[in-house]
>>> print(open('run_26.txt').read())   # compact mmCIF, N, CA and C atoms
# COMPACT_ATOMS: atom_id res chain seq x y z
N MET A 80 -4.17 -43.74 25.41
CA MET A 80 -3.25 -43.34 24.36
C MET A 80 -2.54 -42.06 24.81
N PRO A 81 -1.22 -42.02 24.72
CA PRO A 81 -0.49 -40.82 25.12
C PRO A 81 -0.87 -39.63 24.23
N VAL A 82 -0.68 -38.43 24.77
CA VAL A 82 -1.07 -37.19 24.08
C VAL A 82 -0.36 -37.08 22.73
N LYS A 83 0.93 -37.42 22.65
CA LYS A 83 1.66 -37.31 21.39
C LYS A 83 1.05 -38.21 20.32
N LYS A 84 0.66 -39.43 20.69
CA LYS A 84 0.06 -40.35 19.73
C LYS A 84 -1.31 -39.85 19.28
N ILE A 85 -2.09 -39.29 20.20
CA ILE A 85 -3.41 -38.74 19.84
C ILE A 85 -3.24 -37.56 18.89
N THR A 86 -2.29 -36.69 19.19
CA THR A 86 -2.04 -35.53 18.33
C THR A 86 -1.61 -35.99 16.95
N LEU A 87 -0.68 -36.94 16.88
CA LEU A 87 -0.21 -37.45 15.60
C LEU A 87 -1.36 -38.11 14.84
N PHE A 88 -2.18 -38.90 15.54
CA PHE A 88 -3.33 -39.55 14.92
C PHE A 88 -4.30 -38.50 14.35
N MET A 89 -4.61 -37.47 15.13
CA MET A 89 -5.55 -36.43 14.69
C MET A 89 -4.99 -35.67 13.49
N LEU A 90 -3.70 -35.34 13.54
CA LEU A 90 -3.07 -34.63 12.43
C LEU A 90 -3.11 -35.48 11.17
N THR A 91 -2.80 -36.77 11.29
CA THR A 91 -2.84 -37.69 10.15
C THR A 91 -4.26 -37.78 9.60
N LEU A 92 -5.24 -37.85 10.48
CA LEU A 92 -6.64 -37.93 10.06
C LEU A 92 -7.06 -36.67 9.31
N ILE A 93 -6.70 -35.51 9.84
CA ILE A 93 -7.06 -34.24 9.20
C ILE A 93 -6.44 -34.13 7.81
N VAL A 94 -5.16 -34.46 7.71
CA VAL A 94 -4.47 -34.38 6.42
C VAL A 94 -5.06 -35.38 5.44
N THR A 95 -5.29 -36.61 5.89
CA THR A 95 -5.81 -37.66 5.01
C THR A 95 -7.21 -37.33 4.53
N VAL A 96 -8.07 -36.88 5.41
CA VAL A 96 -9.45 -36.55 5.04
C VAL A 96 -9.48 -35.30 4.18
N GLY A 97 -8.58 -34.35 4.44
CA GLY A 97 -8.58 -33.09 3.70
C GLY A 97 -8.02 -33.20 2.30
N LEU A 98 -7.19 -34.19 2.03
CA LEU A 98 -6.56 -34.30 0.71
C LEU A 98 -7.54 -34.48 -0.44
N PRO A 99 -8.51 -35.38 -0.36
CA PRO A 99 -9.43 -35.51 -1.49
C PRO A 99 -10.16 -34.21 -1.78
N SER A 100 -10.52 -33.49 -0.74
CA SER A 100 -11.22 -32.21 -0.93
C SER A 100 -10.31 -31.20 -1.61
N ALA A 101 -9.05 -31.15 -1.16
CA ALA A 101 -8.11 -30.21 -1.77
C ALA A 101 -7.86 -30.59 -3.22
N HIS A 102 -7.75 -31.88 -3.50
CA HIS A 102 -7.54 -32.33 -4.88
C HIS A 102 -8.73 -31.94 -5.75
N GLY A 103 -9.94 -32.14 -5.24
CA GLY A 103 -11.15 -31.76 -5.98
C GLY A 103 -11.18 -30.26 -6.24
N GLN A 104 -10.76 -29.48 -5.26
CA GLN A 104 -10.70 -28.02 -5.39
C GLN A 104 -9.71 -27.64 -6.49
N ASP A 105 -8.52 -28.27 -6.47
CA ASP A 105 -7.50 -27.99 -7.48
C ASP A 105 -8.02 -28.32 -8.87
N LYS A 106 -8.71 -29.45 -9.00
CA LYS A 106 -9.27 -29.86 -10.29
C LYS A 106 -10.30 -28.84 -10.77
N SER A 107 -11.15 -28.38 -9.87
CA SER A 107 -12.17 -27.39 -10.25
C SER A 107 -11.53 -26.07 -10.67
N VAL A 108 -10.51 -25.64 -9.93
CA VAL A 108 -9.81 -24.40 -10.28
C VAL A 108 -9.19 -24.54 -11.67
N THR A 109 -8.57 -25.66 -11.95
CA THR A 109 -7.96 -25.90 -13.27
C THR A 109 -9.03 -25.88 -14.36
N GLU A 110 -10.18 -26.50 -14.10
CA GLU A 110 -11.27 -26.50 -15.08
C GLU A 110 -11.78 -25.09 -15.35
N VAL A 111 -11.90 -24.28 -14.31
CA VAL A 111 -12.37 -22.90 -14.48
C VAL A 111 -11.33 -22.09 -15.25
N GLU A 112 -10.07 -22.25 -14.92
CA GLU A 112 -9.01 -21.55 -15.66
C GLU A 112 -9.05 -21.92 -17.14
N GLU A 113 -9.30 -23.19 -17.42
CA GLU A 113 -9.42 -23.64 -18.81
C GLU A 113 -10.64 -22.98 -19.48
N ALA A 114 -11.74 -22.86 -18.76
CA ALA A 114 -12.93 -22.20 -19.31
C ALA A 114 -12.64 -20.73 -19.62
N VAL A 115 -11.90 -20.06 -18.74
CA VAL A 115 -11.52 -18.66 -18.99
C VAL A 115 -10.65 -18.58 -20.24
N ASN A 116 -9.68 -19.48 -20.36
CA ASN A 116 -8.82 -19.49 -21.56
C ASN A 116 -9.64 -19.74 -22.82
N ASN A 117 -10.61 -20.63 -22.74
CA ASN A 117 -11.47 -20.89 -23.90
C ASN A 117 -12.33 -19.68 -24.25
N LEU A 118 -12.76 -18.94 -23.23
CA LEU A 118 -13.52 -17.71 -23.47
C LEU A 118 -12.65 -16.68 -24.20
N VAL A 119 -11.41 -16.53 -23.75
CA VAL A 119 -10.49 -15.60 -24.41
C VAL A 119 -10.31 -15.99 -25.88
N LYS A 120 -10.09 -17.27 -26.15
CA LYS A 120 -9.94 -17.74 -27.54
C LYS A 120 -11.19 -17.46 -28.35
N ALA A 121 -12.35 -17.69 -27.74
CA ALA A 121 -13.62 -17.46 -28.46
C ALA A 121 -13.87 -15.97 -28.70
N MET A 122 -13.37 -15.12 -27.83
CA MET A 122 -13.53 -13.67 -28.05
C MET A 122 -12.57 -13.18 -29.14
N LEU A 123 -11.42 -13.82 -29.27
CA LEU A 123 -10.46 -13.46 -30.32
C LEU A 123 -10.88 -13.99 -31.69
N HIS A 124 -11.54 -15.14 -31.70
CA HIS A 124 -12.00 -15.78 -32.94
C HIS A 124 -13.46 -16.18 -32.73
N PRO A 125 -14.37 -15.20 -32.73
CA PRO A 125 -15.75 -15.45 -32.32
C PRO A 125 -16.53 -16.38 -33.26
N SER A 126 -17.21 -17.31 -32.62
CA SER A 126 -18.18 -18.14 -33.32
C SER A 126 -19.36 -18.32 -32.37
N GLU A 127 -20.53 -18.27 -32.93
CA GLU A 127 -21.73 -18.40 -32.10
C GLU A 127 -21.75 -19.70 -31.30
N PRO A 128 -21.46 -20.86 -31.92
CA PRO A 128 -21.50 -22.10 -31.14
C PRO A 128 -20.52 -22.10 -29.96
N ALA A 129 -19.31 -21.62 -30.18
CA ALA A 129 -18.30 -21.62 -29.11
C ALA A 129 -18.73 -20.70 -27.96
N LEU A 130 -19.18 -19.50 -28.29
CA LEU A 130 -19.59 -18.55 -27.27
C LEU A 130 -20.84 -19.01 -26.52
N LYS A 131 -21.75 -19.64 -27.25
CA LYS A 131 -22.97 -20.16 -26.63
C LYS A 131 -22.63 -21.31 -25.69
N ASN A 132 -21.68 -22.14 -26.09
CA ASN A 132 -21.27 -23.28 -25.28
C ASN A 132 -20.58 -22.84 -23.98
N LEU A 133 -19.94 -21.69 -24.00
CA LEU A 133 -19.20 -21.20 -22.84
C LEU A 133 -20.05 -20.37 -21.87
N SER A 134 -21.26 -20.00 -22.28
CA SER A 134 -22.09 -19.13 -21.44
C SER A 134 -23.46 -19.75 -21.23
N ILE A 135 -24.15 -19.23 -20.25
CA ILE A 135 -25.49 -19.70 -19.92
C ILE A 135 -26.50 -18.72 -20.51
N GLU A 136 -27.67 -19.20 -20.82
CA GLU A 136 -28.69 -18.37 -21.46
C GLU A 136 -29.01 -17.12 -20.65
N GLN A 137 -28.90 -17.20 -19.33
CA GLN A 137 -29.22 -16.08 -18.45
C GLN A 137 -28.03 -15.13 -18.23
N LEU A 138 -27.01 -15.23 -19.06
CA LEU A 138 -25.81 -14.42 -18.93
C LEU A 138 -26.13 -12.93 -18.83
N THR A 139 -25.42 -12.25 -17.92
CA THR A 139 -25.39 -10.78 -17.91
C THR A 139 -23.92 -10.40 -18.08
N TYR A 140 -23.64 -9.65 -19.14
CA TYR A 140 -22.28 -9.31 -19.53
C TYR A 140 -22.12 -7.80 -19.40
N GLY A 141 -21.51 -7.37 -18.29
CA GLY A 141 -21.39 -5.95 -18.00
C GLY A 141 -20.08 -5.35 -18.48
N HIS A 142 -20.21 -4.19 -19.11
CA HIS A 142 -19.06 -3.44 -19.61
C HIS A 142 -18.68 -2.35 -18.61
N SER A 143 -17.47 -1.83 -18.71
CA SER A 143 -17.01 -0.78 -17.80
C SER A 143 -17.80 0.51 -17.99
N SER A 144 -18.47 0.65 -19.11
CA SER A 144 -19.30 1.84 -19.38
C SER A 144 -20.63 1.77 -18.64
N GLY A 145 -20.97 0.61 -18.11
CA GLY A 145 -22.26 0.43 -17.45
C GLY A 145 -23.25 -0.33 -18.30
N LYS A 146 -22.95 -0.48 -19.58
CA LYS A 146 -23.83 -1.24 -20.47
C LYS A 146 -23.81 -2.71 -20.07
N VAL A 147 -24.99 -3.33 -20.05
CA VAL A 147 -25.10 -4.75 -19.73
C VAL A 147 -25.79 -5.45 -20.89
N GLU A 148 -25.16 -6.53 -21.36
CA GLU A 148 -25.69 -7.29 -22.48
C GLU A 148 -26.21 -8.65 -22.02
N SER A 149 -27.19 -9.15 -22.74
CA SER A 149 -27.68 -10.51 -22.55
C SER A 149 -26.72 -11.46 -23.29
N GLN A 150 -26.95 -12.74 -23.15
CA GLN A 150 -26.13 -13.72 -23.87
C GLN A 150 -26.22 -13.46 -25.38
N GLN A 151 -27.43 -13.27 -25.86
CA GLN A 151 -27.64 -13.05 -27.30
C GLN A 151 -26.93 -11.78 -27.77
N GLU A 152 -27.01 -10.71 -26.99
CA GLU A 152 -26.34 -9.45 -27.37
C GLU A 152 -24.82 -9.59 -27.33
N PHE A 153 -24.31 -10.24 -26.28
CA PHE A 153 -22.87 -10.46 -26.14
C PHE A 153 -22.33 -11.23 -27.34
N ILE A 154 -22.99 -12.32 -27.69
CA ILE A 154 -22.55 -13.14 -28.82
C ILE A 154 -22.68 -12.36 -30.12
N GLY A 155 -23.81 -11.69 -30.31
CA GLY A 155 -24.05 -10.94 -31.54
C GLY A 155 -23.03 -9.85 -31.78
N THR A 156 -22.62 -9.15 -30.71
CA THR A 156 -21.64 -8.07 -30.82
C THR A 156 -20.30 -8.59 -31.33
N LEU A 157 -19.89 -9.75 -30.83
CA LEU A 157 -18.61 -10.31 -31.24
C LEU A 157 -18.68 -10.95 -32.63
N VAL A 158 -19.72 -11.75 -32.86
CA VAL A 158 -19.83 -12.47 -34.14
C VAL A 158 -20.04 -11.51 -35.30
N SER A 159 -20.77 -10.43 -35.07
CA SER A 159 -21.04 -9.46 -36.14
C SER A 159 -19.83 -8.58 -36.47
N GLY A 160 -18.85 -8.56 -35.57
CA GLY A 160 -17.68 -7.71 -35.79
C GLY A 160 -17.87 -6.30 -35.26
N THR A 161 -18.95 -6.06 -34.52
CA THR A 161 -19.16 -4.74 -33.90
C THR A 161 -18.10 -4.48 -32.85
N SER A 162 -17.71 -5.54 -32.15
CA SER A 162 -16.63 -5.47 -31.17
C SER A 162 -15.55 -6.44 -31.63
N VAL A 163 -14.33 -5.92 -31.80
CA VAL A 163 -13.24 -6.73 -32.33
C VAL A 163 -12.05 -6.70 -31.38
N PHE A 164 -11.71 -7.87 -30.85
CA PHE A 164 -10.52 -8.02 -30.03
C PHE A 164 -9.41 -8.58 -30.91
N GLU A 165 -8.27 -7.88 -30.95
CA GLU A 165 -7.12 -8.35 -31.71
C GLU A 165 -6.11 -9.08 -30.81
N GLN A 166 -6.12 -8.73 -29.53
CA GLN A 166 -5.21 -9.35 -28.58
C GLN A 166 -5.83 -9.26 -27.20
N ILE A 167 -5.70 -10.32 -26.41
CA ILE A 167 -6.18 -10.32 -25.02
C ILE A 167 -5.14 -11.02 -24.16
N GLU A 168 -4.77 -10.35 -23.09
CA GLU A 168 -3.87 -10.94 -22.09
C GLU A 168 -4.55 -10.83 -20.73
N ILE A 169 -4.36 -11.83 -19.92
CA ILE A 169 -4.93 -11.88 -18.57
C ILE A 169 -3.78 -11.81 -17.57
N GLU A 170 -3.93 -10.95 -16.57
CA GLU A 170 -2.92 -10.84 -15.51
C GLU A 170 -3.59 -10.94 -14.14
N ASN A 171 -2.81 -11.35 -13.17
CA ASN A 171 -3.23 -11.36 -11.76
C ASN A 171 -4.56 -12.07 -11.54
N GLN A 172 -4.72 -13.22 -12.15
CA GLN A 172 -5.98 -13.94 -12.03
C GLN A 172 -6.07 -14.72 -10.72
N THR A 173 -7.24 -14.62 -10.09
CA THR A 173 -7.54 -15.45 -8.93
C THR A 173 -8.84 -16.19 -9.22
N VAL A 174 -8.92 -17.42 -8.71
CA VAL A 174 -10.10 -18.26 -8.90
C VAL A 174 -10.50 -18.81 -7.53
N GLN A 175 -11.75 -18.59 -7.18
CA GLN A 175 -12.30 -19.14 -5.94
C GLN A 175 -13.50 -20.00 -6.31
N VAL A 176 -13.45 -21.28 -5.93
CA VAL A 176 -14.54 -22.21 -6.25
C VAL A 176 -15.26 -22.59 -4.96
N ILE A 177 -16.57 -22.45 -4.98
CA ILE A 177 -17.42 -22.87 -3.88
C ILE A 177 -18.51 -23.74 -4.48
N GLU A 178 -18.37 -25.05 -4.27
CA GLU A 178 -19.29 -26.04 -4.82
C GLU A 178 -19.38 -25.91 -6.35
N ASN A 179 -20.52 -25.50 -6.90
CA ASN A 179 -20.66 -25.41 -8.36
C ASN A 179 -20.59 -23.97 -8.87
N THR A 180 -20.02 -23.08 -8.06
CA THR A 180 -19.89 -21.67 -8.43
C THR A 180 -18.43 -21.26 -8.32
N ALA A 181 -17.97 -20.47 -9.29
CA ALA A 181 -16.60 -19.97 -9.26
C ALA A 181 -16.60 -18.46 -9.49
N ILE A 182 -15.77 -17.79 -8.72
CA ILE A 182 -15.58 -16.35 -8.89
C ILE A 182 -14.15 -16.15 -9.40
N VAL A 183 -14.04 -15.49 -10.53
CA VAL A 183 -12.74 -15.24 -11.15
C VAL A 183 -12.54 -13.73 -11.22
N ARG A 184 -11.39 -13.29 -10.80
CA ARG A 184 -11.02 -11.87 -10.92
C ARG A 184 -9.68 -11.81 -11.63
N HIS A 185 -9.56 -10.84 -12.53
CA HIS A 185 -8.29 -10.64 -13.21
C HIS A 185 -8.24 -9.25 -13.84
N THR A 186 -7.06 -8.92 -14.33
CA THR A 186 -6.88 -7.70 -15.11
C THR A 186 -6.83 -8.13 -16.57
N LEU A 187 -7.63 -7.45 -17.39
CA LEU A 187 -7.69 -7.73 -18.82
C LEU A 187 -6.92 -6.63 -19.55
N LEU A 188 -5.92 -7.04 -20.30
CA LEU A 188 -5.18 -6.13 -21.18
C LEU A 188 -5.52 -6.55 -22.59
N ALA A 189 -6.03 -5.60 -23.38
CA ALA A 189 -6.48 -5.98 -24.72
C ALA A 189 -6.20 -4.88 -25.73
N LYS A 190 -6.09 -5.32 -26.96
CA LYS A 190 -6.04 -4.41 -28.11
C LYS A 190 -7.31 -4.66 -28.89
N THR A 191 -8.06 -3.59 -29.13
CA THR A 191 -9.31 -3.70 -29.88
C THR A 191 -9.20 -2.89 -31.17
N ASN A 192 -10.12 -3.17 -32.08
CA ASN A 192 -10.17 -2.41 -33.32
C ASN A 192 -11.62 -2.41 -33.80
N ASP A 193 -12.47 -1.75 -33.03
CA ASP A 193 -13.89 -1.71 -33.36
C ASP A 193 -14.14 -0.78 -34.55
N PRO A 194 -15.00 -1.20 -35.48
CA PRO A 194 -15.34 -0.34 -36.62
C PRO A 194 -15.86 1.02 -36.14
N GLY A 195 -15.32 2.06 -36.72
CA GLY A 195 -15.73 3.41 -36.36
C GLY A 195 -14.94 4.00 -35.21
N ASN A 196 -14.26 3.17 -34.45
CA ASN A 196 -13.47 3.66 -33.32
C ASN A 196 -11.97 3.51 -33.54
N GLY A 197 -11.58 2.58 -34.39
CA GLY A 197 -10.17 2.34 -34.66
C GLY A 197 -9.48 1.60 -33.53
N PRO A 198 -8.17 1.42 -33.67
CA PRO A 198 -7.39 0.67 -32.68
C PRO A 198 -7.39 1.35 -31.31
N ALA A 199 -7.42 0.53 -30.27
CA ALA A 199 -7.36 1.05 -28.90
C ALA A 199 -6.74 -0.02 -28.01
N SER A 200 -6.13 0.45 -26.94
CA SER A 200 -5.62 -0.45 -25.90
C SER A 200 -6.46 -0.24 -24.67
N ILE A 201 -6.86 -1.34 -24.04
CA ILE A 201 -7.67 -1.24 -22.83
C ILE A 201 -7.04 -2.04 -21.70
N LYS A 202 -7.26 -1.55 -20.50
CA LYS A 202 -6.84 -2.23 -19.28
C LYS A 202 -8.00 -2.12 -18.31
N LEU A 203 -8.61 -3.27 -18.00
CA LEU A 203 -9.81 -3.29 -17.17
C LEU A 203 -9.70 -4.35 -16.08
N GLY A 204 -10.35 -4.09 -14.98
CA GLY A 204 -10.56 -5.12 -13.98
C GLY A 204 -11.79 -5.91 -14.40
N ILE A 205 -11.75 -7.20 -14.19
CA ILE A 205 -12.86 -8.07 -14.59
C ILE A 205 -13.23 -8.98 -13.43
N ALA A 206 -14.52 -9.12 -13.20
CA ALA A 206 -15.04 -10.11 -12.24
C ALA A 206 -16.01 -11.01 -13.01
N LEU A 207 -15.75 -12.30 -12.97
CA LEU A 207 -16.57 -13.29 -13.67
C LEU A 207 -17.19 -14.25 -12.66
N THR A 208 -18.42 -14.66 -12.92
CA THR A 208 -19.05 -15.71 -12.14
C THR A 208 -19.36 -16.85 -13.09
N TRP A 209 -18.85 -18.03 -12.75
CA TRP A 209 -19.06 -19.24 -13.53
C TRP A 209 -19.88 -20.21 -12.70
N ILE A 210 -20.74 -20.98 -13.35
CA ILE A 210 -21.45 -22.05 -12.65
C ILE A 210 -21.23 -23.36 -13.41
N LYS A 211 -21.16 -24.42 -12.63
CA LYS A 211 -20.98 -25.73 -13.24
C LYS A 211 -22.35 -26.36 -13.39
N THR A 212 -22.75 -26.59 -14.62
CA THR A 212 -24.04 -27.18 -14.91
C THR A 212 -23.84 -28.32 -15.88
N GLN A 213 -24.40 -29.46 -15.58
CA GLN A 213 -24.27 -30.67 -16.39
C GLN A 213 -22.80 -30.98 -16.69
N GLY A 214 -21.94 -30.78 -15.67
CA GLY A 214 -20.54 -31.13 -15.79
C GLY A 214 -19.67 -30.12 -16.51
N THR A 215 -20.23 -28.98 -16.91
CA THR A 215 -19.48 -27.99 -17.68
C THR A 215 -19.56 -26.62 -17.01
N TRP A 216 -18.43 -25.91 -16.98
CA TRP A 216 -18.41 -24.55 -16.44
C TRP A 216 -18.94 -23.58 -17.49
N LYS A 217 -19.93 -22.79 -17.10
CA LYS A 217 -20.56 -21.81 -18.00
C LYS A 217 -20.50 -20.43 -17.35
N LEU A 218 -20.29 -19.42 -18.18
CA LEU A 218 -20.24 -18.03 -17.70
C LEU A 218 -21.65 -17.55 -17.39
N LEU A 219 -21.86 -17.11 -16.15
CA LEU A 219 -23.15 -16.59 -15.72
C LEU A 219 -23.16 -15.06 -15.72
N SER A 220 -22.05 -14.47 -15.29
CA SER A 220 -21.98 -13.00 -15.29
C SER A 220 -20.54 -12.53 -15.45
N ARG A 221 -20.45 -11.34 -16.00
CA ARG A 221 -19.15 -10.69 -16.18
C ARG A 221 -19.38 -9.22 -15.92
N GLN A 222 -18.47 -8.61 -15.14
CA GLN A 222 -18.53 -7.18 -14.93
C GLN A 222 -17.13 -6.63 -15.08
N ALA A 223 -16.99 -5.67 -15.96
CA ALA A 223 -15.73 -4.97 -16.16
C ALA A 223 -15.78 -3.65 -15.38
N PHE A 224 -14.62 -3.22 -14.93
CA PHE A 224 -14.54 -1.92 -14.24
C PHE A 224 -13.22 -1.26 -14.58
N LYS A 225 -13.26 0.06 -14.58
CA LYS A 225 -12.06 0.83 -14.92
C LYS A 225 -11.06 0.78 -13.78
N LEU A 226 -9.82 0.68 -14.14
CA LEU A 226 -8.73 0.67 -13.16
C LEU A 226 -8.08 2.04 -13.15
N PRO A 227 -7.55 2.44 -11.98
CA PRO A 227 -6.88 3.75 -11.91
C PRO A 227 -5.62 3.81 -12.76
>>> encode(input="run_26.txt", output="structure tokens")
Amino acid sequence: MPVKKITLFMLTLIVTVGLPSAHGQDKSVTEVEEAVNNLVKAMLHPSEPALKNLSIEQLTYGHSSGKVESQQEFIGTLVSGTSVFEQIEIENQTVQVIENTAIVRHTLLAKTNDPGNGPASIKLGIALTWIKTQGTWKLLSRQAFKLP
């Protein structure tokens, strides 16, 4: 087989074999982005079932202050109204999926109105780890950090 035909054959093989993997990756990224959007909605309109469905029991939810909450504490803070988000916007989001794990990074812009603290605007860097368990993406960890 001439070199040009071998090269063309190899290139065709690489592209053909790589496409299903790339399609699966795109689908996973889309699913994770949807999970992030659902988390934002659940934080704006908190309900225990929705938040529980989006997170795993072993959740660690880290705040920019250094405070880390369990799944139960995270849900309780939002459902009780101790922490109130009035608006949340996500910017500069990246999603990296490796098998059943996803790392999401973004900038969170939010307006809060926590009792006793009043209205505030926040801008934080966020790193999220999601895992796919039983066909569903669940939040495993979240860490917020202050931006300059």
>>> atom_distance(input="run_26.txt", atom1="atom N of Leu188 in chain A", atom2="atom C of Asp105 in chain A")
24.2 Å
>>> residues_around(input="run_26.txt", residues="Asn171 in chain A", least_positions_apart="2", cutoff="8 Å", atoms="all atoms listed in the file", output="list in words")
Glu168, Ile169, Thr173, Val174, Arg184, His185, Thr186 and Leu187 of chain A
>>> closest_residue(input="run_26.txt", among="A:Ser144, A:Ser126, A:Asn132, A:Thr161", to="Phe224 in chain A", atoms="all atoms listed in the file")
A:Ser144
>>> select_by_dssp(input="run_26.txt", residues="chain A", states="strand (DSSP E)", output="NGL selection string")
:A and (134-141 or 147-148 or 164-177 or 180-193 or 197-212 or 215-225)
>>> atom_distance(input="run_26.txt", atom1="atom N of Gly160 in chain A", atom2="atom N of Asn192 in chain A")
10.8 Å
>>> atom_distance(input="run_26.txt", atom1="CA of Thr212 in chain A", atom2="CA of Val158 in chain A")
24.6 Å
>>> closest_residue(input="run_26.txt", among="A:Ile167, A:Ile210, A:Leu203, A:Ala114", to="Ser143 in chain A", atoms="all atoms listed in the file")
A:Leu203
>>> closest_residue(input="run_26.txt", among="A:Leu218, A:Ile182, A:Ala189, A:Ala199", to="Glu136 in chain A", atoms="all atoms listed in the file")
A:Leu218
>>> closest_residue(input="run_26.txt", among="A:Gly204, A:Pro194, A:Val183, A:Lys211", to="Ala223 in chain A", atoms="only N, CA and C atoms")
A:Gly204
>>> residues_around(input="run_26.txt", residues="Phe164 in chain A", least_positions_apart="6", cutoff="7 Å", atoms="all atoms listed in the file", output="ChimeraX atom specification")
/A:122-124,189-193
>>> write_last_selection(input="run_26.txt", atoms="N, CA and C atoms", output="PDB file, in the frame of the given file")
ATOM      1  N   MET A 122     -13.370 -15.120 -27.830  1.00  0.00           N
ATOM      2  CA  MET A 122     -13.530 -13.670 -28.050  1.00  0.00           C
ATOM      3  C   MET A 122     -12.570 -13.180 -29.140  1.00  0.00           C
ATOM      4  N   LEU A 123     -11.420 -13.820 -29.270  1.00  0.00           N
ATOM      5  CA  LEU A 123     -10.460 -13.460 -30.320  1.00  0.00           C
ATOM      6  C   LEU A 123     -10.880 -13.990 -31.690  1.00  0.00           C
ATOM      7  N   HIS A 124     -11.540 -15.140 -31.700  1.00  0.00           N
ATOM      8  CA  HIS A 124     -12.000 -15.780 -32.940  1.00  0.00           C
ATOM      9  C   HIS A 124     -13.460 -16.180 -32.730  1.00  0.00           C
ATOM     10  N   ALA A 189      -6.030  -5.600 -23.380  1.00  0.00           N
ATOM     11  CA  ALA A 189      -6.480  -5.980 -24.720  1.00  0.00           C
ATOM     12  C   ALA A 189      -6.200  -4.880 -25.730  1.00  0.00           C
ATOM     13  N   LYS A 190      -6.090  -5.320 -26.960  1.00  0.00           N
ATOM     14  CA  LYS A 190      -6.040  -4.410 -28.110  1.00  0.00           C
ATOM     15  C   LYS A 190      -7.310  -4.660 -28.890  1.00  0.00           C
ATOM     16  N   THR A 191      -8.060  -3.590 -29.130  1.00  0.00           N
ATOM     17  CA  THR A 191      -9.310  -3.700 -29.880  1.00  0.00           C
ATOM     18  C   THR A 191      -9.200  -2.890 -31.170  1.00  0.00           C
ATOM     19  N   ASN A 192     -10.120  -3.170 -32.080  1.00  0.00           N
ATOM     20  CA  ASN A 192     -10.170  -2.410 -33.320  1.00  0.00           C
ATOM     21  C   ASN A 192     -11.620  -2.410 -33.800  1.00  0.00           C
ATOM     22  N   ASP A 193     -12.470  -1.750 -33.030  1.00  0.00           N
ATOM     23  CA  ASP A 193     -13.890  -1.710 -33.360  1.00  0.00           C
ATOM     24  C   ASP A 193     -14.140  -0.780 -34.550  1.00  0.00           C
TER      25      ASP A 193
END
>>> select_by_dssp(input="run_26.txt", residues="chain A", states="helix (DSSP H, G or I)", output="PyMOL selection string")
chain A and resi 82-123+127-133+150-158
>>> closest_residue(input="run_26.txt", among="A:Val111, A:Ile205, A:Leu138, A:Val163", to="Leu219 in chain A", atoms="all atoms listed in the file")
A:Leu138
>>> decode(input="run_26.txt", residues="range 125-136 of chain A", atoms="N, CA and C atoms", output="PDB file, in the first residue's frame")
ATOM      1  N   PRO A 125     -34.750  27.050  47.278  1.00  0.00           N
ATOM      2  CA  PRO A 125     -34.324  25.830  47.971  1.00  0.00           C
ATOM      3  C   PRO A 125     -35.467  24.914  48.410  1.00  0.00           C
ATOM      4  N   SER A 126     -35.263  23.651  48.123  1.00  0.00           N
ATOM      5  CA  SER A 126     -36.131  22.605  48.658  1.00  0.00           C
ATOM      6  C   SER A 126     -35.228  21.434  49.016  1.00  0.00           C
ATOM      7  N   GLU A 127     -35.527  20.820  50.127  1.00  0.00           N
ATOM      8  CA  GLU A 127     -34.695  19.708  50.579  1.00  0.00           C
ATOM      9  C   GLU A 127     -34.616  18.588  49.545  1.00  0.00           C
ATOM     10  N   PRO A 128     -35.746  18.148  48.958  1.00  0.00           N
ATOM     11  CA  PRO A 128     -35.650  17.057  47.974  1.00  0.00           C
ATOM     12  C   PRO A 128     -34.764  17.407  46.773  1.00  0.00           C
ATOM     13  N   ALA A 129     -34.894  18.616  46.249  1.00  0.00           N
ATOM     14  CA  ALA A 129     -34.099  19.014  45.079  1.00  0.00           C
ATOM     15  C   ALA A 129     -32.608  19.046  45.414  1.00  0.00           C
ATOM     16  N   LEU A 130     -32.262  19.656  46.549  1.00  0.00           N
ATOM     17  CA  LEU A 130     -30.863  19.759  46.938  1.00  0.00           C
ATOM     18  C   LEU A 130     -30.262  18.394  47.279  1.00  0.00           C
ATOM     19  N   LYS A 131     -31.068  17.550  47.893  1.00  0.00           N
ATOM     20  CA  LYS A 131     -30.609  16.198  48.229  1.00  0.00           C
ATOM     21  C   LYS A 131     -30.383  15.386  46.957  1.00  0.00           C
ATOM     22  N   ASN A 132     -31.254  15.566  45.981  1.00  0.00           N
ATOM     23  CA  ASN A 132     -31.145  14.845  44.719  1.00  0.00           C
ATOM     24  C   ASN A 132     -29.907  15.267  43.925  1.00  0.00           C
ATOM     25  N   LEU A 133     -29.463  16.495  44.104  1.00  0.00           N
ATOM     26  CA  LEU A 133     -28.322  17.020  43.355  1.00  0.00           C
ATOM     27  C   LEU A 133     -26.968  16.758  44.021  1.00  0.00           C
ATOM     28  N   SER A 134     -26.985  16.304  45.270  1.00  0.00           N
ATOM     29  CA  SER A 134     -25.729  16.117  46.003  1.00  0.00           C
ATOM     30  C   SER A 134     -25.650  14.708  46.564  1.00  0.00           C
ATOM     31  N   ILE A 135     -24.450  14.340  46.944  1.00  0.00           N
ATOM     32  CA  ILE A 135     -24.205  13.023  47.517  1.00  0.00           C
ATOM     33  C   ILE A 135     -24.116  13.170  49.035  1.00  0.00           C
ATOM     34  N   GLU A 136     -24.452  12.130  49.750  1.00  0.00           N
ATOM     35  CA  GLU A 136     -24.475  12.176  51.210  1.00  0.00           C
ATOM     36  C   GLU A 136     -23.127  12.604  51.795  1.00  0.00           C
TER      37      GLU A 136
END
